[in-house]
>>> print(open('coords_19.txt').read())   # compact mmCIF, C-alpha atoms
# COMPACT_ATOMS: atom_id res chain seq x y z
CA MET L 1 41.68 27.49 14.65
CA ALA L 2 39.89 27.69 11.32
CA ASN L 3 41.68 26.53 8.20
CA TRP L 4 40.67 26.47 4.55
CA TYR L 5 41.05 23.20 2.70
CA LYS L 6 40.95 22.70 -1.05
CA VAL L 7 38.45 19.89 -1.53
CA SER L 8 37.55 19.77 -5.22
CA HIS L 9 37.21 21.58 -8.53
CA VAL L 10 33.96 23.12 -9.75
CA ASP L 11 33.98 20.87 -12.82
CA GLU L 12 34.10 17.74 -10.67
CA ILE L 13 30.61 18.07 -9.22
CA GLU L 14 27.62 17.96 -11.54
CA GLU L 15 24.67 20.27 -10.98
CA ASP L 16 22.30 18.81 -8.36
CA ASP L 17 24.89 16.35 -7.19
CA VAL L 18 27.13 15.72 -4.20
CA ILE L 19 30.56 14.26 -3.59
CA GLN L 20 32.20 13.05 -0.41
CA VAL L 21 35.49 14.51 0.73
CA ASP L 22 37.44 13.37 3.77
CA VAL L 23 39.53 16.05 5.46
CA ASP L 24 41.59 14.48 8.20
CA GLU L 25 38.87 12.68 10.19
CA THR L 26 35.99 14.85 9.03
CA VAL L 27 33.65 13.38 6.42
CA LEU L 28 32.20 16.16 4.30
CA CYS L 29 29.62 16.37 1.57
CA VAL L 30 30.19 19.05 -1.05
CA TYR L 31 27.17 19.99 -3.16
CA HIS L 32 26.55 21.81 -6.41
CA VAL L 33 23.12 23.47 -6.33
CA ASP L 34 21.86 26.24 -8.63
CA GLY L 35 25.38 27.13 -9.67
CA SER L 36 26.62 27.46 -6.08
CA PHE L 37 28.62 25.12 -3.86
CA PHE L 38 27.89 24.12 -0.29
CA ALA L 39 29.43 21.83 2.30
CA THR L 40 27.93 19.89 5.21
CA ASP L 41 28.85 16.98 7.41
CA GLY L 42 28.80 13.83 5.31
CA ILE L 43 27.03 11.47 7.71
CA CYS L 44 23.30 11.54 8.40
CA THR L 45 22.43 12.58 11.96
CA HIS L 46 19.76 9.86 12.21
CA GLU L 47 21.64 6.67 11.41
CA HIS L 48 25.08 6.03 10.07
CA ALA L 49 24.47 6.63 6.36
CA CYS L 50 26.74 8.41 3.90
CA LEU L 51 24.81 11.33 2.49
CA THR L 52 26.94 11.28 -0.63
CA ASP L 53 24.86 8.26 -1.68
CA GLY L 54 21.72 10.33 -1.26
CA PHE L 55 19.52 12.27 -3.63
CA VAL L 56 19.85 16.02 -4.28
CA MET L 57 16.66 17.76 -5.32
CA ASP L 58 15.49 21.37 -4.95
CA GLY L 59 18.35 22.31 -2.62
CA VAL L 60 17.65 19.37 -0.32
CA ILE L 61 19.76 16.27 0.35
CA GLU L 62 17.76 13.12 1.02
CA CYS L 63 19.40 10.38 3.06
CA PRO L 64 19.76 7.16 1.07
CA LEU L 65 18.71 4.94 3.95
CA HIS L 66 15.49 6.43 5.36
CA GLN L 67 14.83 9.45 3.15
CA GLY L 68 15.29 11.96 5.97
CA ARG L 69 15.87 15.40 4.38
CA PHE L 70 18.20 18.29 5.11
CA ASP L 71 18.38 21.78 3.67
CA ILE L 72 21.77 21.87 1.94
CA ARG L 73 22.30 25.59 2.54
CA THR L 74 21.48 25.63 6.26
CA GLY L 75 21.80 21.99 7.32
CA LYS L 76 18.32 22.16 8.83
CA ALA L 77 16.61 18.81 9.38
CA LEU L 78 13.39 19.07 7.35
CA SER L 79 11.43 15.89 7.89
CA PRO L 80 11.39 12.68 9.94
CA PRO L 81 13.15 10.50 10.63
CA VAL L 82 15.89 13.13 10.90
CA THR L 83 15.57 15.52 13.83
CA VAL L 84 19.12 16.83 14.36
CA ASP L 85 20.49 19.45 11.95
CA LEU L 86 23.59 18.85 9.85
CA LYS L 87 26.64 20.97 10.47
CA VAL L 88 27.39 23.29 7.55
CA TYR L 89 30.78 24.73 6.59
CA PRO L 90 31.79 27.94 4.81
CA VAL L 91 32.74 27.45 1.16
CA LYS L 92 34.67 29.71 -1.21
CA ILE L 93 35.68 29.36 -4.84
CA GLU L 94 39.12 30.49 -5.97
CA ASN L 95 40.35 29.88 -9.51
CA SER L 96 37.56 27.33 -9.99
CA GLU L 97 38.76 25.40 -6.97
CA ILE L 98 36.40 24.66 -4.08
CA TRP L 99 37.66 25.48 -0.60
CA VAL L 100 35.96 24.54 2.67
CA GLN L 101 36.69 26.07 6.05
CA LEU L 102 37.01 23.68 8.97
CA GLY L 103 37.71 24.29 12.61
CA GLU L 104 36.59 26.91 15.10
CA MET E 1 23.06 -10.85 27.63
CA THR E 2 19.83 -10.57 25.63
CA ILE E 3 19.77 -9.96 21.91
CA MET E 4 18.58 -6.37 22.53
CA GLU E 5 21.69 -5.68 24.59
CA GLN E 6 23.97 -6.81 21.79
CA ALA E 7 25.19 -4.37 19.19
CA PRO E 8 23.08 -4.82 16.05
CA LEU E 9 24.24 -5.62 12.58
CA LYS E 10 22.80 -3.25 10.04
CA ALA E 11 21.37 -4.38 6.75
CA PHE E 12 23.99 -4.23 4.02
CA GLY E 13 24.58 -5.45 0.50
CA GLN E 14 23.62 -2.60 -1.81
CA GLU E 15 27.28 -2.06 -2.63
CA TYR E 16 27.50 -5.58 -4.10
CA VAL E 17 24.64 -4.97 -6.49
CA LEU E 18 24.69 -1.41 -7.70
CA THR E 19 26.54 1.88 -7.39
CA LYS E 20 25.19 5.41 -7.12
CA LYS E 21 25.85 5.87 -10.81
CA ASP E 22 23.67 2.81 -11.47
CA TYR E 23 20.67 3.90 -9.41
CA LYS E 24 20.80 7.65 -9.99
CA PRO E 25 18.70 7.53 -13.19
CA TYR E 26 15.88 5.85 -11.25
CA LEU E 27 15.58 8.43 -8.47
CA LYS E 28 13.58 11.09 -10.29
CA ARG E 29 10.41 12.05 -8.42
CA SER E 30 7.16 12.78 -10.18
CA ASN E 31 3.84 14.24 -9.08
CA LYS E 32 2.24 12.82 -12.22
CA HIS E 33 2.96 9.16 -11.47
CA GLY E 34 1.82 9.51 -7.86
CA LEU E 35 -1.38 11.38 -8.74
CA ILE E 36 -2.35 8.91 -11.47
CA ARG E 37 -1.72 5.86 -9.29
CA PHE E 38 -3.48 7.38 -6.30
CA GLY E 39 -6.36 8.61 -8.44
CA VAL E 40 -6.87 5.21 -10.07
CA HIS E 41 -6.66 3.46 -6.71
CA MET E 42 -9.17 5.77 -5.03
CA GLY E 43 -11.37 5.69 -8.13
CA LEU E 44 -11.53 1.89 -7.98
CA ILE E 45 -12.34 2.09 -4.27
CA ALA E 46 -15.16 4.56 -5.02
CA VAL E 47 -16.59 2.32 -7.76
CA ALA E 48 -16.39 -0.72 -5.47
CA ALA E 49 -18.08 1.25 -2.67
CA GLY E 50 -20.87 2.11 -5.11
CA LEU E 51 -21.26 -1.56 -5.98
CA VAL E 52 -21.36 -2.41 -2.27
CA SER E 53 -24.26 0.00 -1.84
CA VAL E 54 -26.29 -1.50 -4.72
CA THR E 55 -25.63 -5.12 -3.78
CA LEU E 56 -26.42 -4.77 -0.08
CA GLY E 57 -29.06 -7.31 0.87
CA THR E 58 -28.20 -9.66 -1.99
CA TRP E 59 -25.70 -12.50 -2.25
CA TRP E 60 -23.68 -10.35 -4.62
CA ILE E 61 -22.47 -8.44 -1.60
CA VAL E 62 -20.09 -11.30 -0.77
CA PRO E 63 -17.79 -11.05 -3.81
CA VAL E 64 -18.29 -7.29 -4.12
CA MET E 65 -17.35 -6.75 -0.48
CA ALA E 66 -14.31 -9.00 -0.93
CA VAL E 67 -13.08 -6.88 -3.84
CA TYR E 68 -13.80 -3.66 -1.98
CA ALA E 69 -12.00 -4.93 1.13
CA ILE E 70 -8.96 -5.97 -0.90
CA LEU E 71 -8.79 -2.57 -2.60
CA LEU E 72 -8.84 -0.91 0.82
CA ALA E 73 -6.15 -3.31 2.06
CA PHE E 74 -3.96 -2.31 -0.88
CA LEU E 75 -3.88 1.19 0.63
CA PHE E 76 -0.98 -0.16 2.62
CA ALA E 77 1.03 0.51 -0.54
CA PRO E 78 0.58 4.32 -0.55
CA VAL E 79 0.99 4.34 3.25
CA HIS E 80 4.35 2.68 2.75
CA GLU E 81 5.40 4.75 -0.26
CA CYS E 82 4.45 8.03 1.41
CA SER E 83 6.33 7.04 4.57
CA HIS E 84 9.44 7.05 2.37
CA GLY E 85 8.43 10.41 0.90
CA THR E 86 8.80 9.07 -2.62
CA THR E 87 5.19 9.16 -3.85
CA PHE E 88 5.28 12.72 -5.16
CA ARG E 89 7.89 15.29 -6.02
CA ASN E 90 5.95 17.80 -3.89
CA ARG E 91 6.69 16.90 -0.28
CA ARG E 92 3.64 18.66 1.14
CA LEU E 93 1.38 16.68 -1.15
CA ASN E 94 3.18 13.53 -0.04
CA GLU E 95 2.46 14.31 3.61
CA VAL E 96 -1.21 15.19 3.04
CA ILE E 97 -1.83 11.93 1.18
CA PHE E 98 0.20 10.07 3.83
CA TRP E 99 -2.17 11.31 6.53
CA ILE E 100 -5.29 10.46 4.51
CA VAL E 101 -4.24 6.90 3.70
CA CYS E 102 -2.94 6.31 7.24
CA LEU E 103 -6.32 7.34 8.65
CA ILE E 104 -8.19 5.00 6.31
CA TYR E 105 -5.73 2.15 6.71
CA MET E 106 -5.58 2.72 10.50
CA VAL E 107 -1.92 3.31 11.24
CA PRO E 108 -0.35 6.33 13.01
CA PRO E 109 1.79 8.20 10.44
CA THR E 110 4.89 9.30 12.33
CA PHE E 111 5.12 6.20 14.49
CA PHE E 112 4.78 4.01 11.42
CA ARG E 113 7.47 6.04 9.66
CA TYR E 114 9.97 5.43 12.46
CA ALA E 115 9.06 1.77 12.81
CA HIS E 116 9.44 1.29 9.08
CA ALA E 117 12.75 3.17 8.96
CA THR E 118 14.03 0.79 11.64
CA HIS E 119 12.82 -2.16 9.59
CA HIS E 120 15.01 -0.88 6.76
CA THR E 121 18.04 -0.36 8.98
CA TYR E 122 17.86 -3.77 10.62
CA THR E 123 16.08 -5.87 8.02
CA GLN E 124 15.79 -9.47 9.22
CA ILE E 125 17.97 -8.88 12.27
CA ARG E 126 16.28 -10.61 15.15
CA GLY E 127 15.46 -8.34 18.06
CA TRP E 128 15.95 -5.15 16.05
CA ASP E 129 13.71 -5.45 12.99
CA PRO E 130 10.20 -4.55 14.24
CA ASP E 131 8.60 -6.36 11.29
CA MET E 132 10.15 -9.79 11.79
CA LEU E 133 8.02 -12.88 11.89
CA PRO E 134 7.98 -14.85 15.16
CA GLU E 135 11.20 -16.68 15.92
CA ARG E 136 9.45 -20.00 16.44
CA MET E 137 6.63 -19.71 14.00
CA THR E 138 4.15 -22.53 14.29
CA ALA E 139 1.25 -23.30 11.99
CA SER E 140 -1.14 -21.62 14.42
CA ALA E 141 1.13 -18.56 14.64
CA TYR E 142 1.14 -18.40 10.85
CA ILE E 143 -2.66 -18.51 10.75
CA LYS E 144 -2.91 -15.90 13.51
CA PHE E 145 -0.53 -13.66 11.59
CA VAL E 146 -2.32 -14.04 8.27
CA LEU E 147 -5.77 -13.48 9.76
CA GLY E 148 -4.51 -10.13 11.02
CA PHE E 149 -4.72 -10.81 14.77
CA THR E 150 -1.18 -9.62 15.41
CA PHE E 151 -1.71 -6.59 13.15
CA TRP E 152 -4.87 -5.41 14.91
CA GLN E 153 -3.58 -6.25 18.37
CA ARG E 154 -0.54 -4.04 17.73
CA ASN E 155 -2.43 -1.18 16.02
CA ILE E 156 -5.23 -1.02 18.61
CA LYS E 157 -2.59 -0.75 21.34
CA TRP E 158 -0.98 2.12 19.41
CA PHE E 159 -4.28 3.97 19.10
CA LEU E 160 -5.38 3.41 22.69
CA PHE E 161 -2.09 3.94 24.54
CA HIS E 162 -0.18 6.54 22.50
CA PRO E 163 -2.71 9.36 23.18
CA PHE E 164 -1.83 8.96 26.87
CA GLY E 165 1.90 9.02 26.20
CA LYS E 166 2.27 5.31 26.83
CA ILE E 167 4.65 3.89 24.25
CA ASP E 168 5.56 0.23 24.46
CA PRO E 169 9.07 0.10 26.03
CA THR E 170 10.07 -2.57 23.48
CA GLN E 171 9.32 -0.09 20.67
CA ARG E 172 10.88 3.02 22.17
CA TYR E 173 14.29 2.20 20.77
CA PHE E 174 13.33 3.35 17.30
CA LEU E 175 11.75 6.61 18.38
CA PRO E 176 13.99 9.61 19.13
CA GLN E 177 13.13 11.23 22.46
CA SER E 178 12.35 14.53 20.76
CA GLU E 179 9.71 12.87 18.55
CA ILE E 180 7.63 11.40 21.37
CA PRO E 181 5.54 14.61 21.79
CA ARG E 182 4.78 14.58 18.07
CA VAL E 183 3.73 10.91 18.18
CA VAL E 184 1.50 11.54 21.20
CA ARG E 185 -0.01 14.64 19.59
CA GLU E 186 -0.76 12.75 16.38
CA ALA E 187 -2.28 9.87 18.33
CA ARG E 188 -4.59 12.32 20.11
CA ILE E 189 -5.67 13.92 16.82
CA ILE E 190 -6.36 10.50 15.31
CA PHE E 191 -8.22 9.43 18.44
CA MET E 192 -10.44 12.52 18.23
CA ILE E 193 -11.08 11.99 14.50
CA TYR E 194 -12.07 8.36 15.05
CA ALA E 195 -14.17 9.29 18.09
CA GLY E 196 -15.83 12.04 16.04
CA ILE E 197 -16.66 9.61 13.23
CA ALA E 198 -18.05 7.15 15.79
CA GLY E 199 -20.11 9.85 17.49
CA VAL E 200 -21.61 11.25 14.27
CA SER E 201 -22.38 7.80 12.92
CA ILE E 202 -24.07 6.71 16.16
CA VAL E 203 -26.35 9.73 15.90
CA PHE E 204 -27.13 9.45 12.19
CA ASN E 205 -26.37 5.95 10.86
CA PRO E 206 -23.97 3.59 12.63
CA TRP E 207 -23.99 1.16 9.68
CA ILE E 208 -22.26 3.48 7.21
CA PRO E 209 -18.73 3.44 8.78
CA LEU E 210 -19.15 -0.22 9.65
CA ILE E 211 -20.10 -1.31 6.12
CA TYR E 212 -17.79 1.00 4.19
CA TRP E 213 -14.78 1.10 6.46
CA VAL E 214 -14.48 -1.08 9.58
CA ILE E 215 -15.84 -4.39 8.28
CA PRO E 216 -13.98 -4.23 4.94
CA ARG E 217 -10.77 -3.33 6.74
CA LEU E 218 -11.15 -6.42 8.93
CA VAL E 219 -12.09 -8.58 5.95
CA GLY E 220 -9.33 -7.29 3.68
CA GLU E 221 -6.36 -7.21 6.02
CA PRO E 222 -5.75 -10.99 5.91
CA PHE E 223 -5.19 -10.67 2.17
CA MET E 224 -2.55 -8.00 2.78
CA ARG E 225 -0.90 -10.05 5.55
CA TRP E 226 -0.90 -13.10 3.26
CA MET E 227 0.84 -11.10 0.54
CA ARG E 228 3.28 -9.34 2.83
CA ILE E 229 4.53 -12.57 4.37
CA SER E 230 6.35 -13.08 1.09
CA GLU E 231 8.53 -10.00 1.54
CA HIS E 232 10.82 -11.51 4.16
CA GLY E 233 9.19 -14.76 5.28
CA GLU E 234 11.66 -17.64 5.11
CA CYS E 235 14.38 -15.34 3.81
CA GLU E 236 17.81 -15.39 5.41
CA GLU E 237 18.32 -13.76 8.79
CA ASN E 238 21.72 -12.38 8.00
CA GLY E 239 21.32 -8.69 7.22
CA ASP E 240 22.42 -9.18 3.61
CA LEU E 241 19.88 -7.34 1.45
CA ARG E 242 20.53 -9.70 -1.44
CA GLU E 243 19.22 -12.59 0.62
CA ASN E 244 16.98 -11.29 3.36
CA THR E 245 14.28 -9.74 1.17
CA ARG E 246 12.27 -11.33 -1.60
CA THR E 247 10.93 -10.03 -4.87
CA THR E 248 7.78 -11.88 -5.91
CA TYR E 249 6.70 -12.50 -9.47
CA THR E 250 3.02 -11.80 -9.89
CA SER E 251 0.49 -10.42 -12.36
CA GLY E 252 0.58 -6.88 -13.72
CA ILE E 253 -2.76 -6.14 -12.03
CA ILE E 254 -1.43 -7.05 -8.59
CA ARG E 255 1.75 -5.08 -9.22
CA TYR E 256 -0.31 -2.05 -10.20
CA LEU E 257 -2.66 -2.24 -7.23
CA PHE E 258 0.27 -2.90 -4.88
CA TRP E 259 2.18 0.10 -6.26
CA GLU E 260 5.03 -2.18 -7.49
CA MET E 261 5.77 -3.45 -3.99
CA PRO E 262 6.24 -7.02 -5.25
CA TYR E 263 9.66 -5.69 -6.33
CA HIS E 264 10.47 -5.67 -2.67
CA ALA E 265 14.12 -6.66 -2.82
CA GLU E 266 14.79 -3.79 -5.21
CA HIS E 267 12.96 -1.45 -2.85
CA HIS E 268 15.14 -2.53 0.08
CA LEU E 269 18.29 -2.24 -1.97
CA CYS E 270 17.48 1.34 -2.84
CA PRO E 271 14.58 2.83 -0.84
CA MET E 272 15.02 6.20 -2.55
CA VAL E 273 13.72 4.79 -5.83
CA PRO E 274 10.03 5.73 -6.26
CA PHE E 275 7.48 2.98 -6.88
CA HIS E 276 7.10 3.71 -10.58
CA ALA E 277 10.80 3.05 -11.27
CA LEU E 278 11.12 -0.25 -9.37
CA GLY E 279 10.15 -2.37 -12.37
CA ARG E 280 12.90 -0.81 -14.46
CA LEU E 281 15.37 -1.29 -11.61
CA HIS E 282 14.36 -4.95 -11.45
CA GLU E 283 14.93 -5.42 -15.18
CA LYS E 284 18.48 -4.19 -14.80
CA PHE E 285 19.55 -5.59 -11.43
CA GLY E 286 16.97 -8.20 -10.44
CA HIS E 287 19.23 -11.04 -11.59
CA LYS E 288 21.68 -10.17 -8.80
CA LEU E 289 19.11 -10.84 -6.09
CA HIS E 290 19.09 -14.30 -4.54
CA ALA E 291 15.57 -14.47 -3.20
CA VAL E 292 12.94 -14.27 -5.92
CA GLY E 293 9.59 -15.93 -5.34
CA ASP E 294 7.32 -17.41 -7.96
CA GLY E 295 3.92 -16.19 -6.80
CA TYR E 296 2.30 -15.54 -3.43
CA MET E 297 0.60 -18.92 -3.29
CA SER E 298 3.81 -20.92 -3.57
CA ILE E 299 5.70 -18.72 -1.09
CA ASN E 300 2.93 -18.96 1.49
CA LYS E 301 2.74 -22.70 0.98
CA ASP E 302 6.49 -22.94 1.58
CA VAL E 303 6.34 -20.74 4.68
CA TYR E 304 3.37 -22.64 6.09
CA VAL E 305 4.91 -26.07 5.52
CA LYS E 306 8.17 -24.99 7.13
CA ALA E 307 6.33 -23.32 9.99
CA LYS E 308 4.35 -26.51 10.52
CA GLN E 309 7.52 -28.59 10.57
CA LYS E 310 9.52 -25.89 12.36
CA GLN E 311 12.14 -26.14 9.65
CA GLY E 312 12.97 -22.47 9.37
CA VAL E 313 16.39 -22.43 7.79
CA THR E 314 17.73 -19.69 9.95
CA TRP E 315 15.30 -19.50 12.83
CA ASP E 316 17.87 -21.01 15.20
CA ASN E 317 20.43 -18.41 14.28
CA PRO E 318 20.04 -15.13 16.18
CA THR E 319 22.36 -12.70 14.51
CA SER E 320 25.67 -11.77 16.04
CA SER E 321 26.30 -8.11 15.56
CA VAL E 322 29.06 -5.64 14.91
CA HIS E 323 27.73 -2.09 14.91
CA GLN E 324 26.04 0.12 17.49
CA PRO E 325 23.16 2.42 16.54
CA VAL E 326 24.72 5.81 15.99
CA SER E 327 21.76 8.15 16.12
CA GLN E 328 22.71 11.22 18.05
CA GLU E 329 19.55 11.25 20.10
CA PHE E 330 18.09 7.78 20.37
CA SER E 331 16.79 7.16 23.83
>>> encode(input="coords_19.txt", output="structure tokens")
Amino acid sequence: MANWYKVSHVDEIEEDDVIQVDVDETVLCVYHVDGSFFATDGICTHEHACLTDGFVMDGVIECPLHQGRFDIRTGKALSPPVTVDLKVYPVKIENSEIWVQLGE
Amino acid sequence: MTIMEQAPLKAFGQEYVLTKKDYKPYLKRSNKHGLIRFGVHMGLIAVAAGLVSVTLGTWWIVPVMAVYAILLAFLFAPVHECSHGTTFRNRRLNEVIFWIVCLIYMVPPTFFRYAHATHHTYTQIRGWDPDMLPERMTASAYIKFVLGFTFWQRNIKWFLFHPFGKIDPTQRYFLPQSEIPRVVREARIIFMIYAGIAGVSIVFNPWIPLIYWVIPRLVGEPFMRWMRISEHGECEENGDLRENTRTTYTSGIIRYLFWEMPYHAEHHLCPMVPFHALGRLHEKFGHKLHAVGDGYMSINKDVYVKAKQKQGVTWDNPTSSVHQPVSQEFS
């Protein structure tokens, strides 16, 4: 069952930046790109690296460990060494609060 | 149980030196820096190649060829930087230059990228780091390494076997199953390019690729091996990035030609930082790094003496490990 979780406030994430949010046992990354907010899994699909330590540029998150790149909007793996896409989650903004939907 | 069957320890230590807030200002990518450095490097190579052509048949060819060969050997630097994707802001440009320098330097791009990524994950962890020096390095092993025998032996195997889908079983662990077709395809393209160059040169002038490419690559590689031994040679085998990688103090000219790679410990601490920002990162955080070498000569002397006496400080200490690789599709 899908549930919405309040994960942050729009003022807490700088433009072109990412924060990590743990919801139960799910590690999420929440991004601020071009005035919009997005959420993906927080761990790189290549090796165990926290993407929140990575680099956000042009709508792409770059893994801090091996510079594998994912499209923040779609989770698509863009370049080696990453080959498996990131899971993305629906995001909504209500009263300047960021909500992420988890679950089926 | 062999070391490969044990769970590996991953390289760690960044968190003791700097936070994301600390390194964020150094991450900015730039086409300008990459284009200037690449342009200067290739310009110097072109000038040196011109000098090779005018000094052929004279004794001047000896020093001129040495300089030319060293400049070609320094192309390892853009190979390495492009493998991280940090040379240019434009990723497509990064990949085009990556292919060009890999072809000249004679390494397969994607395979190198995976091997190098694994070197970063398991830096100085015996059995997992593909770039580690031999466990029982003797004086003769040191000389063999520096002369480039191990480098060419490995690379020639890559170029001859990968086109036929034969990947060394001891190296498969760092290549995801889904990437094997890409590696094989690349190896076939490279094989055809090299075969094409060989064929054309045999018909028209076999000396040109030999004089301007093959011979200088063979002559220059020992210099690169000799320099690169400083990066991890005789550093701790404990996974701690503050101790297992060395920054080497050297001249500004060498730093420029080596694309700031002498700041190697800083690079391992934060591989996202592009080459042109490593010097600034060193100024701010270099004092927190334990292994800093005072010149390539003294480091190589130290490594050679210890190799000769088999006094490697940690060579008897295969690492015990705590984490499993967690890639979702490693074979």
>>> atom_distance(input="coords_19.txt", atom1="atom CA of Ile104 of chain E", atom2="atom CA of Arg217 of chain E")
8.7 Å
>>> interface_residues(input="coords_19.txt", of="chain E", to="chain L", cutoff="10 Å", atoms="all atoms listed in the file", output="number ranges by chain")
E: 10, 19-21, 23-24, 27-29, 83-86, 89, 91, 110-111, 113-121, 174-179, 268-273, 323-330
>>> closest_residue(input="coords_19.txt", among="L:Ile93, L:Ile72, L:Met1, L:Leu51", to="Ala39 of chain L", atoms="only C-alpha atoms")
L:Ile72
>>> residues_around(input="coords_19.txt", residues="Leu281 of chain E", least_positions_apart="2", cutoff="10 Å", atoms="only C-alpha atoms", output="list in words")
Asp22, Tyr23, Pro25, Tyr26, Tyr263, Glu266, His267, Cys270, Val273, His276, Ala277, Leu278, Gly279, Glu283, Lys284, Phe285 and Gly286 of chain E
>>> atom_distance(input="coords_19.txt", atom1="atom CA of Pro274 of chain E", atom2="atom CA of Thr87 of chain E")
6.4 Å
>>> atom_distance(input="coords_19.txt", atom1="atom CA of Leu86 of chain L", atom2="atom CA of Asp71 of chain L")
8.6 Å
>>> residues_around(input="coords_19.txt", residues="segment 18-25 of chain L", least_positions_apart="2", cutoff="8 Å", atoms="only C-alpha atoms", output="list in words")
Tyr5, Val7, Ile13, Glu14, Asp16, Val27, Leu28, Cys29, Val30, Tyr31, His32, Gly42, Thr52 and Val56 of chain L
>>> residues_around(input="coords_19.txt", residues="segment 248-259 of chain E", least_positions_apart="5", cutoff="6 Å", atoms="only C-alpha atoms", output="MDAnalysis selection string")
chainID E and resid 74 77 292:295
>>> closest_residue(input="coords_19.txt", among="E:Asn244, E:Lys301, E:Leu289, E:His162", to="Arg126 of chain E", atoms="only C-alpha atoms")
E:Asn244
>>> residues_near_point(input="coords_19.txt", point="(40.7, 20.0, -6.1)", cutoff="10 Å", atoms="all atoms listed in the file", output="mmCIF file with C-alpha atoms, in the coordinates of the input")
data_model
loop_
_atom_site.group_PDB
_atom_site.id
_atom_site.type_symbol
_atom_site.label_atom_id
_atom_site.label_comp_id
_atom_site.auth_asym_id
_atom_site.auth_seq_id
_atom_site.Cartn_x
_atom_site.Cartn_y
_atom_site.Cartn_z
ATOM 1 C CA TYR L 5 41.050 23.200 2.700
ATOM 2 C CA LYS L 6 40.950 22.700 -1.050
ATOM 3 C CA VAL L 7 38.450 19.890 -1.530
ATOM 4 C CA SER L 8 37.550 19.770 -5.220
ATOM 5 C CA HIS L 9 37.210 21.580 -8.530
ATOM 6 C CA VAL L 10 33.960 23.120 -9.750
ATOM 7 C CA ASP L 11 33.980 20.870 -12.820
ATOM 8 C CA GLU L 12 34.100 17.740 -10.670
ATOM 9 C CA SER L 96 37.560 27.330 -9.990
ATOM 10 C CA GLU L 97 38.760 25.400 -6.970
ATOM 11 C CA ILE L 98 36.400 24.660 -4.080
ATOM 12 C CA TRP L 99 37.660 25.480 -0.600
#
>>> closest_residue(input="coords_19.txt", among="L:Val60, L:Ile43, L:Leu102, L:Cys50", to="Tyr89 of chain L", atoms="only C-alpha atoms")
L:Leu102
>>> closest_residue(input="coords_19.txt", among="E:Phe76, E:Phe98, E:Tyr304, E:Trp207", to="Glu260 of chain E", atoms="all atoms listed in the file")
E:Phe76
>>> axis_aligned_box(input="coords_19.txt", around="segment 266-280 of chain E", padding_each_side="3 Å", output="JSON")
{"center_x": 12.7, "center_y": 1.2, "center_z": -7.2, "size_x": 17.2, "size_y": 16.0, "size_z": 20.5}
